[in-house]
Amino acid sequence: MKKVVAQNPYRVRRDFRVCLKSIRAANVRRRRVFIEKRRKCRREVYLDTIQCRKAYIKRHYQAPQRTLYPEEVVLIPEHFGLELEQHVSSFFSAATNISQSNAKRIVIDFSNCQRVWPSAITFLCSFSQWVSALRKSEITVSHRPPSNPSAMRYLDHCGFLDYIGASKLVCSDSDDSLCDADIVKIKHEKSKGEDATVPFEEQVCEILRRCTDLTPEEIEIFNSVILTEIIINVTEHGMPIVDAGWWAIAQHHPKTGIVSICIADNGIGIRKSLMTGHQRFVLSREREDKPEAEGYFIRKALNENVSGAIDAAIKARPRKIFQSAQYAKGNRRGFGLHRIRDACKELGFRFSIVSNTGALMLDSSGREKLCKGFANKVFAGTMYHIIVPTKK
Amino acid sequence: MKRVDVARDFHNRLTNRNSLQGDGNYTAEAFRRKFLGFLDSDVAWSNSAPAIVLDFEGVVKIGPSFANEAFAYFTKYAKPDAVLRKILISNASSVQLMIIKEELNAGYFKLR
């Protein structure tokens with residue numbers, strides 16, 4: 001027979017109280033952990049927005065702590081530019097050498113150079129702004145003039161000598177191949193307004209009207225879709241906090257049969273730009289955020305509408321409550337590059353993007369000719385380069 | 001029926017989606033609120049009668065971002081054809097119409 005022991009009711013009550021206390025303590029602990037996790041998550045999201053972008057920009061314009069050599073001479077190749085396929089690799093190797101130079105005085109030596117193209121002029125102008133913002137007065141960039149007089153005349157003609165403040169060329173023999181009506185000289189614009197964009201658009205359209213076989217409708221598509229979206233990209237992403245401005249140049253090359261148009265900014269580049277948005281949670285799972293992956297990120301931005309679709313898709317999920325909403329859910333923001341690529345393909349233009357440590361080049365039928373990431377910078381910010389054939 | 005001379009009453013270059021783009025002036029959001037705000041409800045789309053005429057005479061260009069924000073926004077209420085029946089666009093160039101139609105077909109909420 002089981003012996004029934006009468007329990008002290010006071011003891012039972014005390015045990016119950018102890019038990020309740022421990023449960024409450026566990027709950028408090030769990031709540032604290034939850035709050036800590038939430039705080040961490042919010043902090044991450046906070047960094048993800050404008051503060052993160054600011055940090056990236058600060059780093060972009062922060063000089064690495066290293067000793068500088070007194071002088072470094074960087075030799076410019078014979079043909080410097082992205083316009084012709086055979087010069088692409090020499091352009092990138094020279095661009096890497098210039099961007100990586102570690103001297104107080106960087107001498108860009110044009111002495112061997114036979115021909116400089118608009119893409120190279122854009123690169124040099126954006127680089128000199130980036131260097132001056134990076135090291136203030138610590139670094140100076142100087143230029144050794146080309147021995148070929150026609151290359152020198154071109155530097156003068158495209159506005160590069162004016163831009164760097166070099167003395168104007170005094171030349172007795174004129175060059176018939178250089179016509180002022182064929183060029184929109186390199187300009188560093190600091191305004192986002194129509195005072196800066198409209199004159200450039202009008203001049204470029206005038207060159208296309210005069211020098212190419214494009215119909216008025218095709219020029220309107222170029223102006224409305226391609227130029228508008230590029231300028232929006234450049235002014236929205238390229239100069240949001242640091243007012244570095246943007247560069248634009250366009251030129252008709254009658255002998256090569258092309259019109260080359262370059263628009264560039266000194267922003268943080270496409271990879272870093274994507275990695276500061278909401279889409280970085282998705283993208284970081286696919287590819288590591290390394291300079292060598294820049295080409296991959298440019299392709300992603302061109303083909304898959306990462307900043308719009310992923311952004312919207314994430315916001316559509318109710319569980320991601322901690323992600324702040326900068327734009328309306330489902331807003332088709334982020335299709336700009338996609339539209340530019342489609343329009344270039346439709347019109348038969350070659351389109352390239354060089355951004356920070358990577359490049360992507362498409363041919364006139366929209367096929368990818370090059371998609372590459374480099375360990376070091378090949379461009380200070382992002383350059384959009386369009387090549388319009390003069391004859392269809 | 002309401003009639004709006006877009007170039008005179010708003011601007012002749014329709015490019016910026018919102019205040020973050022370009023100089024932040026004359027944005028599609030502002031355009032939509034100013035002229036098409038009365039269409040931002042289910043009731044307004046209950047019938048298919050035309051509600052407004054947008055005269056594009058003098059409009060130099062319209063960008064895809066602007067067209068998307070200003071017009072494709074209404075694809076949440078109606079199909080692209082119905083949007084163009086409700087919002088009549090006159091004197092637009094073939095390219096401007098093409099851009100608007102493309103954006104309407106691409107939609108506002110649809111993800112490619």
# chains A, B, ... in the order shown; residues from 1 in each chain; ligands from 1
call {"tool": "interface_residues", "arguments": {"of": "chain B", "to": "chain A", "cutoff": "12 Å", "atoms": "only C-alpha atoms", "output": "number ranges by chain"}}
result
B: 11-26, 29, 59-70, 72-76, 93-100, 102-104, 106-112
call {"tool": "write_last_selection", "arguments": {"atoms": "C-alpha atoms", "output": "mmCIF file, in the first residue's frame"}}
result
data_model
loop_
_atom_site.group_PDB
_atom_site.id
_atom_site.type_symbol
_atom_site.label_atom_id
_atom_site.label_comp_id
_atom_site.auth_asym_id
_atom_site.auth_seq_id
_atom_site.Cartn_x
_atom_site.Cartn_y
_atom_site.Cartn_z
ATOM 1 C CA HIS B 11 7.503 71.165 -68.385
ATOM 2 C CA ASN B 12 8.766 70.324 -71.850
ATOM 3 C CA ARG B 13 11.376 67.763 -70.699
ATOM 4 C CA LEU B 14 9.873 64.868 -68.812
ATOM 5 C CA THR B 15 12.791 62.899 -67.410
ATOM 6 C CA ASN B 16 12.970 62.646 -63.618
ATOM 7 C CA ARG B 17 11.086 59.883 -61.827
ATOM 8 C CA ASN B 18 11.351 61.436 -58.366
ATOM 9 C CA SER B 19 13.221 64.091 -56.454
ATOM 10 C CA LEU B 20 16.316 61.866 -56.239
ATOM 11 C CA GLN B 21 16.842 61.971 -59.979
ATOM 12 C CA GLY B 22 18.460 64.794 -61.913
ATOM 13 C CA ASP B 23 17.894 68.184 -60.296
ATOM 14 C CA GLY B 24 14.777 66.826 -58.592
ATOM 15 C CA ASN B 25 12.438 69.246 -60.401
ATOM 16 C CA TYR B 26 9.457 68.440 -62.608
ATOM 17 C CA GLU B 29 5.578 61.846 -59.011
ATOM 18 C CA VAL B 59 7.181 68.290 -75.205
ATOM 19 C CA VAL B 60 10.787 67.683 -76.275
ATOM 20 C CA LYS B 61 11.233 64.300 -74.670
ATOM 21 C CA ILE B 62 9.880 61.807 -72.198
ATOM 22 C CA GLY B 63 12.168 59.345 -70.463
ATOM 23 C CA PRO B 64 11.257 55.734 -69.577
ATOM 24 C CA SER B 65 11.560 56.421 -65.848
ATOM 25 C CA PHE B 66 9.128 59.314 -66.073
ATOM 26 C CA ALA B 67 6.672 57.349 -68.202
ATOM 27 C CA ASN B 68 6.795 54.447 -65.788
ATOM 28 C CA GLU B 69 6.162 56.516 -62.711
ATOM 29 C CA ALA B 70 3.534 58.786 -64.270
ATOM 30 C CA ALA B 72 2.465 52.706 -65.584
ATOM 31 C CA TYR B 73 1.565 53.405 -61.948
ATOM 32 C CA PHE B 74 -2.103 53.118 -62.996
ATOM 33 C CA THR B 75 -1.688 49.567 -64.302
ATOM 34 C CA LYS B 76 -2.573 48.514 -60.758
ATOM 35 C CA SER B 93 5.529 61.896 -81.328
ATOM 36 C CA SER B 94 5.661 58.231 -82.316
ATOM 37 C CA VAL B 95 8.721 57.710 -80.112
ATOM 38 C CA GLN B 96 7.070 59.333 -77.099
ATOM 39 C CA LEU B 97 3.993 57.152 -77.564
ATOM 40 C CA MET B 98 6.196 54.082 -77.978
ATOM 41 C CA ILE B 99 8.020 54.816 -74.718
ATOM 42 C CA ILE B 100 4.734 55.307 -72.845
ATOM 43 C CA GLU B 102 6.365 50.108 -73.525
ATOM 44 C CA GLU B 103 6.316 51.251 -69.934
ATOM 45 C CA LEU B 104 2.601 50.547 -69.618
ATOM 46 C CA ALA B 106 6.106 46.476 -68.643
ATOM 47 C CA GLY B 107 3.905 47.535 -65.759
ATOM 48 C CA TYR B 108 4.623 49.032 -62.410
ATOM 49 C CA PHE B 109 4.319 46.075 -60.092
ATOM 50 C CA LYS B 110 5.326 43.301 -62.430
ATOM 51 C CA LEU B 111 8.840 41.969 -61.922
ATOM 52 C CA ARG B 112 10.620 40.735 -65.007
#
call {"tool": "residues_around", "arguments": {"residues": "Glu292 (chain A)", "least_positions_apart": "6", "cutoff": "10 Å", "atoms": "only C-alpha atoms", "output": "list in words"}}
result
Thr357, Gly358, Lys372, Gly373, Phe374, Ala375, Asn376 and Lys377 of chain A
call {"tool": "residues_around", "arguments": {"residues": "region 107-116 of chain A", "least_positions_apart": "4", "cutoff": "8 Å", "atoms": "only C-alpha atoms", "output": "JSON, numbers by chain"}}
result
{"A": [71, 72, 73, 74, 75, 76, 77, 78, 79, 80, 81, 98, 120, 121, 141, 142, 143, 144, 145, 146, 147, 148, 150, 151, 154, 155]}
call {"tool": "write_last_selection", "arguments": {"atoms": "C-alpha atoms", "output": "PDB file, in the first residue's frame"}}
result
ATOM      1  CA  GLU A  71      58.007  60.609 -58.878  1.00  0.00           C
ATOM      2  CA  GLU A  72      56.543  57.970 -61.143  1.00  0.00           C
ATOM      3  CA  VAL A  73      56.341  58.095 -64.900  1.00  0.00           C
ATOM      4  CA  VAL A  74      53.464  56.198 -66.503  1.00  0.00           C
ATOM      5  CA  LEU A  75      53.895  55.554 -70.172  1.00  0.00           C
ATOM      6  CA  ILE A  76      50.803  55.947 -72.342  1.00  0.00           C
ATOM      7  CA  PRO A  77      50.529  53.365 -75.153  1.00  0.00           C
ATOM      8  CA  GLU A  78      50.593  54.335 -78.817  1.00  0.00           C
ATOM      9  CA  HIS A  79      46.828  54.166 -79.096  1.00  0.00           C
ATOM     10  CA  PHE A  80      45.042  55.028 -75.886  1.00  0.00           C
ATOM     11  CA  GLY A  81      41.323  54.379 -75.805  1.00  0.00           C
ATOM     12  CA  ILE A  98      47.980  55.151 -63.618  1.00  0.00           C
ATOM     13  CA  ALA A 120      40.962  57.901 -72.608  1.00  0.00           C
ATOM     14  CA  ILE A 121      40.407  61.645 -72.240  1.00  0.00           C
ATOM     15  CA  VAL A 141      49.612  64.980 -61.885  1.00  0.00           C
ATOM     16  CA  SER A 142      51.662  66.334 -64.735  1.00  0.00           C
ATOM     17  CA  HIS A 143      51.737  65.454 -68.399  1.00  0.00           C
ATOM     18  CA  ARG A 144      54.640  64.989 -70.796  1.00  0.00           C
ATOM     19  CA  PRO A 145      53.424  66.064 -74.243  1.00  0.00           C
ATOM     20  CA  PRO A 146      53.302  63.669 -77.180  1.00  0.00           C
ATOM     21  CA  SER A 147      56.085  63.893 -79.740  1.00  0.00           C
ATOM     22  CA  ASN A 148      53.568  63.396 -82.521  1.00  0.00           C
ATOM     23  CA  SER A 150      48.784  65.486 -84.461  1.00  0.00           C
ATOM     24  CA  ALA A 151      48.312  63.755 -81.080  1.00  0.00           C
ATOM     25  CA  TYR A 154      44.068  66.416 -80.636  1.00  0.00           C
ATOM     26  CA  LEU A 155      44.683  66.961 -76.895  1.00  0.00           C
TER      27      LEU A 155
END
call {"tool": "atom_distance", "arguments": {"atom1": "CA of Lys369 (chain A)", "atom2": "CA of Val88 (chain A)"}}
result
11.0 Å
call {"tool": "atom_distance", "arguments": {"atom1": "CA of Arg285 (chain A)", "atom2": "CA of Leu302 (chain A)"}}
result
18.9 Å
call {"tool": "decode", "arguments": {"residues": "region 21-46 of chain B", "atoms": "N, CA and C atoms", "output": "mmCIF file, in the first residue's frame"}}
result
data_model
loop_
_atom_site.group_PDB
_atom_site.id
_atom_site.type_symbol
_atom_site.label_atom_id
_atom_site.label_comp_id
_atom_site.auth_asym_id
_atom_site.auth_seq_id
_atom_site.Cartn_x
_atom_site.Cartn_y
_atom_site.Cartn_z
ATOM 1 N N GLN B 21 16.237 62.005 -58.645
ATOM 2 C CA GLN B 21 16.842 61.971 -59.979
ATOM 3 C C GLN B 21 17.044 63.378 -60.546
ATOM 4 N N GLY B 22 18.137 63.516 -61.282
ATOM 5 C CA GLY B 22 18.460 64.794 -61.913
ATOM 6 C C GLY B 22 18.494 65.912 -60.892
ATOM 7 N N ASP B 23 17.914 67.068 -61.253
ATOM 8 C CA ASP B 23 17.894 68.184 -60.296
ATOM 9 C C ASP B 23 16.698 68.097 -59.355
ATOM 10 N N GLY B 24 15.896 67.047 -59.517
ATOM 11 C CA GLY B 24 14.777 66.826 -58.592
ATOM 12 C C GLY B 24 13.553 67.668 -58.904
ATOM 13 N N ASN B 25 13.594 68.410 -60.030
ATOM 14 C CA ASN B 25 12.438 69.246 -60.401
ATOM 15 C C ASN B 25 11.614 68.562 -61.484
ATOM 16 N N TYR B 26 10.380 68.948 -61.585
ATOM 17 C CA TYR B 26 9.457 68.440 -62.608
ATOM 18 C C TYR B 26 9.477 66.910 -62.654
ATOM 19 N N THR B 27 9.215 66.303 -61.550
ATOM 20 C CA THR B 27 9.288 64.845 -61.471
ATOM 21 C C THR B 27 7.958 64.200 -61.867
ATOM 22 N N ALA B 28 8.059 62.921 -62.188
ATOM 23 C CA ALA B 28 6.860 62.167 -62.570
ATOM 24 C C ALA B 28 5.894 62.065 -61.389
ATOM 25 N N GLU B 29 6.441 61.933 -60.208
ATOM 26 C CA GLU B 29 5.578 61.846 -59.011
ATOM 27 C C GLU B 29 4.760 63.128 -58.857
ATOM 28 N N ALA B 30 5.441 64.269 -59.071
ATOM 29 C CA ALA B 30 4.750 65.558 -58.953
ATOM 30 C C ALA B 30 3.695 65.691 -60.054
ATOM 31 N N PHE B 31 4.042 65.235 -61.262
ATOM 32 C CA PHE B 31 3.116 65.295 -62.402
ATOM 33 C C PHE B 31 1.865 64.472 -62.108
ATOM 34 N N ARG B 32 2.097 63.261 -61.584
ATOM 35 C CA ARG B 32 0.980 62.353 -61.295
ATOM 36 C C ARG B 32 0.066 62.934 -60.218
ATOM 37 N N ARG B 33 0.697 63.490 -59.192
ATOM 38 C CA ARG B 33 -0.097 64.064 -58.102
ATOM 39 C C ARG B 33 -0.902 65.276 -58.594
ATOM 40 N N LYS B 34 -0.242 66.095 -59.444
ATOM 41 C CA LYS B 34 -0.858 67.345 -59.875
ATOM 42 C C LYS B 34 -2.009 67.131 -60.867
ATOM 43 N N PHE B 35 -1.757 66.295 -61.868
ATOM 44 C CA PHE B 35 -2.752 66.171 -62.941
ATOM 45 C C PHE B 35 -3.563 64.869 -62.915
ATOM 46 N N LEU B 36 -2.961 63.817 -62.375
ATOM 47 C CA LEU B 36 -3.648 62.519 -62.442
ATOM 48 C C LEU B 36 -4.039 61.992 -61.060
ATOM 49 N N GLY B 37 -3.925 62.835 -60.069
ATOM 50 C CA GLY B 37 -4.213 62.419 -58.694
ATOM 51 C C GLY B 37 -5.638 61.901 -58.519
ATOM 52 N N PHE B 38 -6.566 62.506 -59.264
ATOM 53 C CA PHE B 38 -7.983 62.098 -59.130
ATOM 54 C C PHE B 38 -8.223 60.676 -59.649
ATOM 55 N N LEU B 39 -7.242 60.132 -60.386
ATOM 56 C CA LEU B 39 -7.397 58.757 -60.898
ATOM 57 C C LEU B 39 -6.813 57.709 -59.950
ATOM 58 N N ASP B 40 -6.253 58.172 -58.854
ATOM 59 C CA ASP B 40 -5.594 57.242 -57.934
ATOM 60 C C ASP B 40 -6.592 56.628 -56.943
ATOM 61 N N SER B 41 -7.634 56.029 -57.473
ATOM 62 C CA SER B 41 -8.604 55.314 -56.617
ATOM 63 C C SER B 41 -9.373 54.324 -57.495
ATOM 64 N N ASP B 42 -9.903 53.290 -56.878
ATOM 65 C CA ASP B 42 -10.646 52.259 -57.635
ATOM 66 C C ASP B 42 -11.896 52.844 -58.297
ATOM 67 N N VAL B 43 -12.514 53.800 -57.610
ATOM 68 C CA VAL B 43 -13.766 54.380 -58.111
ATOM 69 C C VAL B 43 -13.550 55.043 -59.479
ATOM 70 N N ALA B 44 -12.431 55.740 -59.605
ATOM 71 C CA ALA B 44 -12.144 56.453 -60.851
ATOM 72 C C ALA B 44 -12.035 55.511 -62.046
ATOM 73 N N TRP B 45 -11.711 54.244 -61.775
ATOM 74 C CA TRP B 45 -11.513 53.276 -62.864
ATOM 75 C C TRP B 45 -12.726 52.347 -63.034
ATOM 76 N N SER B 46 -13.809 52.688 -62.353
ATOM 77 C CA SER B 46 -14.995 51.821 -62.435
ATOM 78 C C SER B 46 -15.667 51.921 -63.805
#
